[in-house]
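Asker: Coordinates in coords_0.cif, mmCIF, C-alpha atoms, are listed below.
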data_model
loop_
_atom_site.label_atom_id
_atom_site.label_comp_id
_atom_site.auth_asym_id
_atom_site.auth_seq_id
_atom_site.Cartn_x
_atom_site.Cartn_y
_atom_site.Cartn_z
CA MET O 260 38.00 28.27 58.10
CA THR O 261 40.25 30.41 60.30
CA GLU O 262 37.47 32.99 60.39
CA LEU O 263 35.03 30.46 61.80
CA ALA O 264 37.58 29.29 64.37
CA ILE O 265 38.41 32.80 65.53
CA LEU O 266 34.73 33.75 65.76
CA TRP O 267 33.94 30.73 67.88
CA SER O 268 36.88 31.29 70.18
CA ILE O 269 35.94 34.94 70.67
CA LEU O 270 32.41 33.80 71.46
CA LEU O 271 33.75 31.25 73.95
CA ALA O 272 35.90 33.92 75.62
CA GLN O 273 32.88 36.20 75.87
CA VAL O 274 30.80 33.44 77.43
CA MET O 275 33.53 32.90 80.03
CA LEU O 276 33.67 36.63 80.76
CA ALA O 277 29.89 36.77 81.09
CA LEU O 278 30.01 33.88 83.55
CA ALA O 279 32.69 35.74 85.51
CA MET O 280 30.43 38.81 85.59
CA ALA O 281 27.56 36.66 86.84
CA PHE O 282 29.71 35.32 89.70
CA ALA O 283 30.74 38.85 90.67
CA LEU O 284 27.08 39.89 90.59
CA TYR O 285 26.23 36.95 92.85
CA ARG O 286 28.83 38.18 95.33
CA ILE O 287 27.28 41.68 95.23
CA VAL O 288 23.80 40.30 95.93
CA LYS O 289 24.83 37.68 98.49
CA GLY O 290 27.88 39.21 100.17
CA PRO O 291 27.59 38.86 103.94
CA HIS O 292 29.45 42.12 104.64
CA ALA O 293 29.41 45.51 102.95
CA GLN O 294 33.06 45.12 101.96
CA ASP O 295 32.21 41.91 100.09
CA ARG O 296 29.75 43.84 97.98
CA VAL O 297 32.31 46.53 97.17
CA LEU O 298 34.82 43.82 96.23
CA GLY O 299 32.20 42.24 93.95
CA LEU O 300 31.55 45.62 92.32
CA ASP O 301 35.26 46.08 91.73
CA ALA O 302 35.51 42.66 90.05
CA LEU O 303 32.32 43.33 88.07
CA TYR O 304 33.60 46.50 86.45
CA ILE O 305 36.94 44.94 85.56
CA ASN O 306 35.15 42.00 83.95
CA ALA O 307 32.84 44.37 82.06
CA MET O 308 35.86 46.25 80.79
CA LEU O 309 37.45 43.03 79.53
CA MET O 310 34.16 42.14 77.87
CA LEU O 311 34.24 45.45 76.00
CA VAL O 312 37.82 44.78 74.87
CA ALA O 313 36.66 41.39 73.54
CA PHE O 314 33.82 43.13 71.66
CA GLY O 315 36.43 45.50 70.23
CA VAL O 316 38.43 42.54 68.84
CA ARG O 317 35.24 41.07 67.40
CA THR O 318 34.09 44.20 65.57
CA ALA O 319 37.43 46.01 65.04
CA ASN O 320 35.97 49.23 66.37
CA THR O 321 38.01 51.60 68.53
CA VAL O 322 34.91 53.03 70.24
CA TYR O 323 34.94 49.99 72.53
CA PHE O 324 38.47 50.81 73.58
CA GLU O 325 37.52 54.33 74.63
CA THR O 326 34.63 52.97 76.67
CA ALA O 327 36.88 50.42 78.34
CA LEU O 328 39.34 53.15 79.32
CA ILE O 329 36.58 55.29 80.83
CA ILE O 330 35.21 52.33 82.79
CA ALA O 331 38.71 51.55 84.12
CA LEU O 332 39.18 55.13 85.36
CA LEU O 333 35.73 55.80 86.81
CA GLY O 334 35.46 52.35 88.36
CA PHE O 335 38.65 53.00 90.29
CA VAL O 336 37.35 56.30 91.62
CA SER O 337 34.04 54.78 92.72
CA SER O 338 35.73 51.84 94.45
CA ILE O 339 38.08 54.19 96.31
CA ALA O 340 35.12 56.31 97.40
CA PHE O 341 33.29 53.20 98.68
CA ALA O 342 36.36 51.97 100.55
CA LYS O 343 36.87 55.36 102.20
CA PHE O 344 33.21 55.43 103.13
CA LEU O 345 33.46 51.99 104.75
CA MET O 346 36.45 53.07 106.77
CA ARG O 347 35.31 56.44 108.07
CA GLY O 348 31.63 56.86 107.28
CA GLU O 349 32.37 59.91 105.16
CA ILE O 350 34.18 60.35 101.90
CA ILE O 351 35.74 63.79 102.11
CA GLU O 352 37.31 64.54 105.44
CA MET Z 45 32.88 39.91 59.89
CA SER Z 46 35.10 40.95 57.01
CA HIS Z 47 38.10 42.17 58.95
CA LEU Z 48 38.79 38.89 60.74
CA THR Z 49 39.41 37.10 57.42
CA ASP Z 50 42.35 39.41 56.79
CA LEU Z 51 44.24 37.99 59.76
CA PRO Z 52 47.00 35.58 58.78
CA ALA Z 53 46.79 32.13 60.34
CA TRP Z 54 49.59 32.61 62.90
CA ALA Z 55 48.08 35.86 64.15
CA ALA Z 56 44.62 34.31 64.36
CA ILE Z 57 45.93 31.43 66.46
CA ALA Z 58 47.88 33.78 68.73
CA VAL Z 59 44.92 36.13 69.20
CA CYS Z 60 42.56 33.22 69.98
CA GLY Z 61 45.01 31.66 72.41
CA LEU Z 62 45.68 34.90 74.29
CA LEU Z 63 42.01 35.81 74.43
CA LEU Z 64 40.93 32.37 75.66
CA MET Z 65 43.69 32.23 78.29
CA GLY Z 66 42.85 35.70 79.52
CA ALA Z 67 39.15 34.89 79.75
CA ALA Z 68 39.96 31.67 81.60
CA MET Z 69 42.11 33.56 84.13
CA THR Z 70 39.29 36.05 84.64
CA LEU Z 71 36.83 33.22 85.16
CA ILE Z 72 39.14 31.58 87.71
CA GLY Z 73 39.38 34.85 89.58
CA SER Z 74 35.61 35.15 89.72
CA ILE Z 75 35.26 31.52 90.80
CA GLY Z 76 37.58 32.39 93.64
CA LEU Z 77 35.32 35.31 94.51
CA LEU Z 78 32.42 32.88 94.58
CA ARG Z 79 33.97 29.97 96.45
CA LEU Z 80 36.48 31.20 99.00
CA PRO Z 81 35.09 31.24 102.52
CA THR Z 82 36.19 34.49 104.19
CA PHE Z 83 36.53 38.09 103.06
CA TYR Z 84 40.31 38.12 103.38
CA ASP Z 85 40.56 35.06 101.14
CA ARG Z 86 38.31 36.68 98.59
CA LEU Z 87 40.57 39.73 98.60
CA HIS Z 88 43.10 37.68 96.63
CA ALA Z 89 40.71 36.70 93.85
CA PRO Z 90 40.45 39.99 91.87
CA THR Z 91 44.23 40.37 91.65
CA ILE Z 92 44.39 37.25 89.52
CA THR Z 93 41.82 38.85 87.21
CA THR Z 94 43.78 42.07 86.92
CA SER Z 95 47.31 40.77 86.67
CA GLY Z 96 46.59 37.71 84.55
CA GLY Z 97 43.34 38.28 82.73
CA THR Z 98 43.61 41.94 81.82
CA ILE Z 99 47.14 41.71 80.48
CA LEU Z 100 46.43 38.66 78.32
CA VAL Z 101 43.17 40.03 76.86
CA CYS Z 102 44.75 43.42 76.14
CA PHE Z 103 47.72 41.69 74.47
CA ALA Z 104 45.27 39.82 72.25
CA SER Z 105 43.57 43.07 71.25
CA MET Z 106 46.92 44.76 70.69
CA LEU Z 107 48.17 41.96 68.44
CA CYS Z 108 44.92 41.88 66.47
CA PHE Z 109 44.93 45.60 65.70
CA ALA Z 110 48.67 45.77 65.10
CA VAL Z 111 48.45 43.04 62.43
CA LEU Z 112 45.19 44.28 60.90
CA GLN Z 113 46.00 47.96 60.59
CA SER Z 114 49.78 47.43 60.45
CA ARG Z 115 50.18 50.40 62.80
CA TRP Z 116 52.24 49.88 65.89
CA ILE Z 117 50.07 51.96 68.17
CA PHE Z 118 49.31 50.29 71.45
CA HIS Z 119 46.60 52.14 73.22
CA GLU Z 120 45.71 49.04 75.20
CA VAL Z 121 48.95 49.74 77.08
CA LEU Z 122 47.06 52.55 78.78
CA ILE Z 123 44.38 50.16 80.04
CA ILE Z 124 47.04 47.78 81.37
CA VAL Z 125 48.89 50.60 83.13
CA PHE Z 126 45.76 52.09 84.70
CA ILE Z 127 44.42 48.76 85.90
CA THR Z 128 47.71 47.49 87.31
CA VAL Z 129 48.34 50.77 89.13
CA THR Z 130 44.84 51.36 90.47
CA THR Z 131 43.59 47.93 91.54
CA PRO Z 132 46.18 47.37 94.32
CA VAL Z 133 45.25 50.75 95.80
CA THR Z 134 41.56 49.82 95.90
CA LEU Z 135 42.21 46.41 97.41
CA MET Z 136 44.57 47.83 100.01
CA LEU Z 137 42.02 50.40 101.14
CA LEU Z 138 39.29 47.75 101.21
CA GLY Z 139 41.49 45.47 103.30
CA GLN Z 140 42.20 48.25 105.77
CA ALA Z 141 38.54 49.22 105.99
CA SER Z 142 37.54 45.62 106.54
CA LEU Z 143 40.14 45.13 109.27
CA TYR Z 144 38.94 48.30 110.99
CA ARG Z 145 35.29 47.18 110.87
CA HIS Z 146 36.10 43.63 111.99
CA ARG Z 147 38.03 44.89 114.99
CA PHE Z 148 35.05 46.98 115.89
CA GLU Z 149 32.42 44.24 115.41
CA LYS Z 150 34.12 40.91 116.09
CA PRO Z 151 37.59 41.45 117.53
CA GLN Z 152 38.18 37.73 118.10
CA ASP Z 153 38.28 36.95 114.37
CA VAL Z 154 41.14 39.20 113.34
CA PRO Z 155 44.57 40.01 114.81
CA LEU Z 156 44.59 42.86 117.28
CA LYS Z 157 46.35 46.14 116.76
CA GLN Z 158 49.37 45.13 118.83
CA GLY Z 159 49.61 42.08 120.94
CA PRO Z 160 50.09 38.36 121.20
CA HIS Z 161 47.36 37.45 118.70
CA ALA Z 162 49.10 38.89 115.67
CA GLU Z 163 50.28 35.49 114.51
CA LYS Z 164 47.01 33.68 115.08
CA ASP Z 165 45.70 31.40 112.35
CA ARG Z 166 42.13 31.33 111.26
CA GLU Z 167 40.66 27.90 111.86
CA MET J 46 66.54 73.29 84.17
CA ARG J 47 65.32 72.02 87.51
CA ALA J 48 63.07 75.07 87.89
CA TRP J 49 61.38 74.43 84.57
CA PHE J 50 61.02 70.67 84.91
CA PRO J 51 60.69 69.86 88.62
CA TYR J 52 59.65 66.25 87.95
CA PRO J 53 61.27 65.09 84.71
CA LEU J 54 60.10 61.46 85.05
CA LEU J 55 56.50 62.47 85.67
CA SER J 56 56.54 64.94 82.78
CA THR J 57 57.86 62.30 80.40
CA ALA J 58 55.24 59.79 81.54
CA LEU J 59 52.44 62.34 81.06
CA LEU J 60 53.72 63.24 77.60
CA LEU J 61 53.85 59.56 76.60
CA MET J 62 50.31 59.01 77.90
CA TRP J 63 49.06 62.04 75.97
CA LEU J 64 50.66 60.79 72.74
CA LEU J 65 49.15 57.33 73.24
CA LEU J 66 45.71 58.81 73.80
CA LYS J 67 45.89 61.08 70.77
CA GLN J 68 47.46 58.32 68.65
CA SER J 69 49.62 60.69 66.65
CA VAL J 70 53.07 62.28 66.74
CA ALA J 71 52.15 65.40 64.76
CA PRO J 72 54.14 68.49 65.87
CA GLY J 73 51.03 70.22 67.24
CA THR J 74 50.13 67.24 69.42
CA VAL J 75 53.67 66.98 70.77
CA LEU J 76 53.73 70.71 71.54
CA VAL J 77 50.43 70.63 73.43
CA GLY J 78 51.63 67.52 75.28
CA ILE J 79 54.88 69.21 76.36
CA VAL J 80 53.03 72.30 77.60
CA LEU J 81 50.44 70.22 79.47
CA SER J 82 53.01 67.93 81.12
CA THR J 83 55.11 70.89 82.26
CA ILE J 84 52.12 72.71 83.75
CA LEU J 85 50.91 69.56 85.52
CA ALA J 86 54.37 69.04 87.00
CA TRP J 87 54.18 72.59 88.45
CA VAL J 88 50.78 71.76 89.93
CA LEU J 89 52.32 68.72 91.61
CA LEU J 90 55.07 70.95 93.00
CA LYS J 91 52.36 72.87 94.87
CA LEU J 92 51.13 69.62 96.44
CA GLN J 93 54.60 68.91 97.83
CA PRO J 94 54.74 65.12 97.73
CA PRO J 95 57.58 63.50 99.71
CA ARG J 96 60.59 63.26 97.44
CA SER J 97 63.04 60.43 97.28
CA HIS J 98 66.03 59.91 95.10
CA LEU J 99 66.14 56.92 92.86
CA ARG J 100 69.58 55.41 92.71
CA ARG J 101 70.99 52.58 90.68
CA LEU J 102 68.53 52.26 87.84
CA GLY J 103 70.10 48.94 86.87
CA HIS J 104 69.12 47.51 90.25
CA PHE J 105 65.65 48.93 89.72
CA ALA J 106 65.25 47.11 86.39
CA ARG J 107 66.41 43.83 87.92
CA PHE J 108 64.02 44.29 90.83
CA GLY J 109 61.18 44.85 88.34
CA LEU J 110 61.98 41.64 86.50
CA HIS J 111 62.04 39.72 89.79
CA VAL J 112 58.64 41.16 90.71
CA ILE J 113 57.12 40.23 87.35
CA ALA J 114 58.45 36.68 87.63
CA ASP J 115 57.07 36.37 91.18
CA ILE J 116 53.66 37.67 90.11
CA ALA J 117 53.47 35.23 87.19
CA ARG J 118 54.42 32.29 89.41
CA SER J 119 51.97 33.34 92.10
CA ASN J 120 49.19 33.70 89.50
CA ILE J 121 49.48 30.06 88.54
CA ALA J 122 49.76 28.92 92.15
CA VAL J 123 46.65 30.85 93.24
CA ALA J 124 44.68 29.62 90.21
CA ARG J 125 45.45 26.03 91.27
CA ILE J 126 44.46 26.76 94.87
CA ILE J 127 41.14 28.22 93.76
CA LEU J 128 40.37 25.37 91.36
CA ARG J 129 40.90 22.66 93.97
CA SER J 130 39.33 24.62 96.84
CA ARG J 131 36.25 22.34 96.77
CA ARG J 132 38.15 19.22 97.70
CA GLN J 133 40.83 20.81 99.82
CA PRO J 134 39.90 23.88 101.85
CA VAL J 135 42.32 26.78 101.72
CA ARG J 136 44.62 27.37 104.66
CA SER J 137 44.97 31.11 104.82
CA GLY J 138 46.20 33.29 107.62
CA PHE J 139 47.60 36.57 108.86
CA ILE J 140 51.31 37.15 109.15
CA SER J 141 53.09 40.04 110.79
CA VAL J 142 56.72 40.86 110.07
CA ASP J 143 59.19 43.56 110.98
CA LEU J 144 59.68 46.04 108.18
CA ASP J 145 62.38 48.65 108.43
CA ILE J 146 61.70 51.05 105.55
CA GLU J 147 61.43 54.75 106.24
CA ASP J 148 60.96 56.18 102.75
CA GLU J 149 57.30 56.91 101.96
CA ASN J 150 57.59 56.21 98.26
CA ALA J 151 59.36 52.91 98.88
CA LEU J 152 56.57 51.89 101.28
CA ALA J 153 53.92 52.81 98.71
CA LEU J 154 55.70 50.81 96.02
CA LEU J 155 56.04 47.80 98.30
CA ALA J 156 52.35 48.01 99.23
CA CYS J 157 51.32 48.07 95.57
CA ILE J 158 53.58 45.15 94.71
CA LEU J 159 52.41 43.02 97.63
CA THR J 160 48.76 43.65 96.88
CA ALA J 161 49.16 43.14 93.14
CA THR J 162 50.70 39.73 93.78
CA PRO J 163 47.91 37.16 94.03
CA GLY J 164 48.41 35.27 97.25
CA THR J 165 49.47 38.21 99.41
CA ALA J 166 47.49 41.25 100.50
CA TRP J 167 48.87 44.18 102.43
CA LEU J 168 46.63 45.06 105.37
CA GLU J 169 48.29 47.38 107.84
CA HIS J 170 51.62 48.99 108.55
CA ASP J 171 52.44 50.41 111.92
CA ARG J 172 54.95 53.20 111.41
CA ARG J 173 56.04 53.49 115.01
CA GLU J 174 56.41 49.79 115.73
CA LYS J 175 57.70 49.15 112.19
CA LYS J 176 55.47 46.13 111.88
CA LEU J 177 53.61 45.06 108.79
CA LEU J 178 50.48 42.91 108.89
CA PHE J 179 49.57 41.05 105.75
CA HIS J 180 47.36 38.17 104.72
CA ILE J 181 48.43 35.18 102.65
CA LEU J 182 46.28 32.63 100.93
CA ASP J 183 48.58 29.66 101.30
CA MET J 184 49.82 29.24 104.86
CA ASP J 185 52.06 26.33 103.80
CA ASN J 186 54.25 28.76 101.94
CA ALA J 187 54.51 31.27 104.79
CA TYR J 188 58.26 30.79 105.05
CA THR J 189 58.76 31.44 101.31
CA TRP J 190 56.70 34.62 101.50
CA ARG J 191 58.72 35.89 104.46
CA GLN J 192 61.91 35.30 102.49
CA THR J 193 60.46 37.06 99.44
CA LEU J 194 59.48 40.02 101.57
CA ALA J 195 62.95 40.24 103.09
CA ARG J 196 64.43 40.19 99.59
CA TYR J 197 62.11 42.99 98.44
CA GLU J 198 62.96 45.00 101.53
CA ALA J 199 66.69 44.72 100.88
CA SER J 200 66.29 45.69 97.22
CA LEU J 201 64.07 48.67 98.00
CA LYS J 202 66.49 49.91 100.64
CA GLU J 203 69.30 49.69 98.13
CA ILE J 204 67.32 51.54 95.47
CA PHE J 205 65.82 54.31 97.60
CA GLN J 206 68.44 54.52 100.37
#
Would it be possible to restate this file's structure as structure tokens?
Answerer:
Amino acid sequence: MTELAILWSILLAQVMLALAMAFALYRIVKGPHAQDRVLGLDALYINAMLMLVAFGVRTANTVYFETALIIALLGFVSSIAFAKFLMRGEIIE
Amino acid sequence: MSHLTDLPAWAAIAVCGLLLMGAAMTLIGSIGLLRLPTFYDRLHAPTITTSGGTILVCFASMLCFAVLQSRWIFHEVLIIVFITVTTPVTLMLLGQASLYRHRFEKPQDVPLKQGPHAEKDRE
Amino acid sequence: MRAWFPYPLLSTALLLMWLLLKQSVAPGTVLVGIVLSTILAWVLLKLQPPRSHLRRLGHFARFGLHVIADIARSNIAVARIILRSRRQPVRSGFISVDLDIEDENALALLACILTATPGTAWLEHDRREKKLLFHILDMDNAYTWRQTLARYEASLKEIFQ
């Protein structure tokens, strides 16, 4: 009984996270300015990371955790690079 | 799905609650990204995802693994630390870049560098 | 002692992070962690970041608790603003305040805190004019945010001096 409840609630959480990813994707596609798209990308990778953590709870596998950590680190670097590019037009000064 | 049956009832309820609340916070943040009208308003939406959503979801994962494997090793702490430290830096840089570009393109929409318009409200 | 461990706090944090990543406290892991954290601290010494002296760690802990409470409260407030933004459009706006903090590390910490709080976003700080421009989501609470900022400023000045 508890198993069924926990499975359904994890599924519900994943559906909510997927919806959040879809909204972020919409902002990337639609975004009137370039900075809106970068903001959407930032939100998208954080949501994807949370989705992976939810998968990790569902399957009790630590591989998902490692992936989430890598996404968190590389996503930060890419967002910083985009923001610098928007400000100056070049990444490394 | 064998491992989830090993969770005692209290832990199952706590994990479900934390996970659902975290996912709801994340969803609210993304709704904000979708609905809010200007870029500077939308800049506030991802912080609610990172400070609320990430911490709650990672707590759920931490609790689940701590009870299941009865090892008190919290590697989700690393995710929380990285995300809370890095996201403000990204958003700050994005805000600065956006201000710079707006001043260049449409100076009437944003406050000037120094001057009487610094306090101006957006209509 | 100071020559071997130029940044004791940073070395400890790196060691902790290493242990968390490796998920073990075996002697070999700890040894490699200590060597790595010491070498990385020397590398940072070459970069010469601006140093500042932390004083009054008790004040620092209390300041941290205040910040966490503010962030939690602001989370709920911003969630409500977003959820009812259909019926009632948001009133957001720019605010500029005077900010008299010289220390680089204190400024960086304040910037991170302000941006991490939903509802406020740090935009620009003019070092010569000592003016800070930031954006808030709820213009009705502008006065509260100014007070909060003044409180943070006083605490940071006390901690970093």
Asker: Please write the residues picked by the PyMOL selection byres ((chain O and resi 297) around 10) on this file as a ChimeraX atom specification.
Answerer: /O:286-287,290,292-296,298-303,337-339,341-342,345 /Z:134-135,138
Asker: Report as a PyMOL selection string the full result of the PyMOL selection byres ((chain J) within 12 of (chain O)) when it is applied to this structure.
Answerer: chain J and resi 66-68
Asker: Compile the contact shell of Thr162 (chain J) as JSON, numbers by chain: residues with an atom at most 12 Å away, counting all atoms listed in the file, same-chain residues fewer than 4 positions apart removed.
Answerer: {"Z": [87, 88, 89, 90, 91, 92, 93, 94, 95, 96, 128, 131, 132, 135, 136], "J": [112, 113, 114, 115, 116, 117, 118, 119, 120, 121, 122, 123, 155, 156, 157, 158, 166, 167, 180, 181, 182, 190, 193, 194]}
Asker: Would you write out, as an NGL selection string, every residue that the PyMOL selection byres ((chain J and resi 58) around 12) captures in this file?
Answerer: (:Z and (122 or 125)) or (:J and (52-57 or 59-65 or 78-79 or 81-83 or 85-86))
Asker: Quick one: distance from CA of Ala319 (chain O) to CA of Leu107 (chain Z) in Å, one decimal?
Answerer: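 CA of Leu107 (chain Z) lies 12.0 Å from CA of Ala319 (chain O).
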Asker: Identify which of the residues Z:Phe109, Z:Leu77, Z:Ile72, Z:Asp85 lies closest to Ala55 (chain Z), counting only C-alpha atoms when measuring atom-to-atom distances.
Answerer: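 Looking only at the distances to Ala55 (chain Z), the closest residue turns out to be Z:Phe109.
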Asker: Please list as a ChimeraX atom specification every residue within 10 Å of region 272-275 of chain O, counting only C-alpha atoms and excluding residues in the same chain fewer than 6 positions away.
Answerer: /O:266,281,309-314 /Z:60-72,101
Asker: Just write the chosen residues, C-alpha atoms, as a PDB file, in the coordinates of the input.
Answerer:
ATOM      1  CA  LEU O 266      34.730  33.750  65.760  1.00  0.00           C
ATOM      2  CA  ALA O 281      27.560  36.660  86.840  1.00  0.00           C
ATOM      3  CA  LEU O 309      37.450  43.030  79.530  1.00  0.00           C
ATOM      4  CA  MET O 310      34.160  42.140  77.870  1.00  0.00           C
ATOM      5  CA  LEU O 311      34.240  45.450  76.000  1.00  0.00           C
ATOM      6  CA  VAL O 312      37.820  44.780  74.870  1.00  0.00           C
ATOM      7  CA  ALA O 313      36.660  41.390  73.540  1.00  0.00           C
ATOM      8  CA  PHE O 314      33.820  43.130  71.660  1.00  0.00           C
TER       9      PHE O 314
ATOM     10  CA  CYS Z  60      42.560  33.220  69.980  1.00  0.00           C
ATOM     11  CA  GLY Z  61      45.010  31.660  72.410  1.00  0.00           C
ATOM     12  CA  LEU Z  62      45.680  34.900  74.290  1.00  0.00           C
ATOM     13  CA  LEU Z  63      42.010  35.810  74.430  1.00  0.00           C
ATOM     14  CA  LEU Z  64      40.930  32.370  75.660  1.00  0.00           C
ATOM     15  CA  MET Z  65      43.690  32.230  78.290  1.00  0.00           C
ATOM     16  CA  GLY Z  66      42.850  35.700  79.520  1.00  0.00           C
ATOM     17  CA  ALA Z  67      39.150  34.890  79.750  1.00  0.00           C
ATOM     18  CA  ALA Z  68      39.960  31.670  81.600  1.00  0.00           C
ATOM     19  CA  MET Z  69      42.110  33.560  84.130  1.00  0.00           C
ATOM     20  CA  THR Z  70      39.290  36.050  84.640  1.00  0.00           C
ATOM     21  CA  LEU Z  71      36.830  33.220  85.160  1.00  0.00           C
ATOM     22  CA  ILE Z  72      39.140  31.580  87.710  1.00  0.00           C
ATOM     23  CA  VAL Z 101      43.170  40.030  76.860  1.00  0.00           C
TER      24      VAL Z 101
END
Asker: Got a sec to check which residues sit within 9 Å of (33.9, 29.5, 89.3), counting only C-alpha atoms, and write them as a ChimeraX atom specification?
Answerer: /O:278-279,282 /Z:71-79 /J:127-128
Asker: Can I get the selected residues back with C-alpha atoms, as a PDB file, in the coordinates of the input?
Answerer:
ATOM      1  CA  LEU O 278      30.010  33.880  83.550  1.00  0.00           C
ATOM      2  CA  ALA O 279      32.690  35.740  85.510  1.00  0.00           C
ATOM      3  CA  PHE O 282      29.710  35.320  89.700  1.00  0.00           C
TER       4      PHE O 282
ATOM      5  CA  LEU Z  71      36.830  33.220  85.160  1.00  0.00           C
ATOM      6  CA  ILE Z  72      39.140  31.580  87.710  1.00  0.00           C
ATOM      7  CA  GLY Z  73      39.380  34.850  89.580  1.00  0.00           C
ATOM      8  CA  SER Z  74      35.610  35.150  89.720  1.00  0.00           C
ATOM      9  CA  ILE Z  75      35.260  31.520  90.800  1.00  0.00           C
ATOM     10  CA  GLY Z  76      37.580  32.390  93.640  1.00  0.00           C
ATOM     11  CA  LEU Z  77      35.320  35.310  94.510  1.00  0.00           C
ATOM     12  CA  LEU Z  78      32.420  32.880  94.580  1.00  0.00           C
ATOM     13  CA  ARG Z  79      33.970  29.970  96.450  1.00  0.00           C
TER      14      ARG Z  79
ATOM     15  CA  ILE J 127      41.140  28.220  93.760  1.00  0.00           C
ATOM     16  CA  LEU J 128      40.370  25.370  91.360  1.00  0.00           C
TER      17      LEU J 128
END
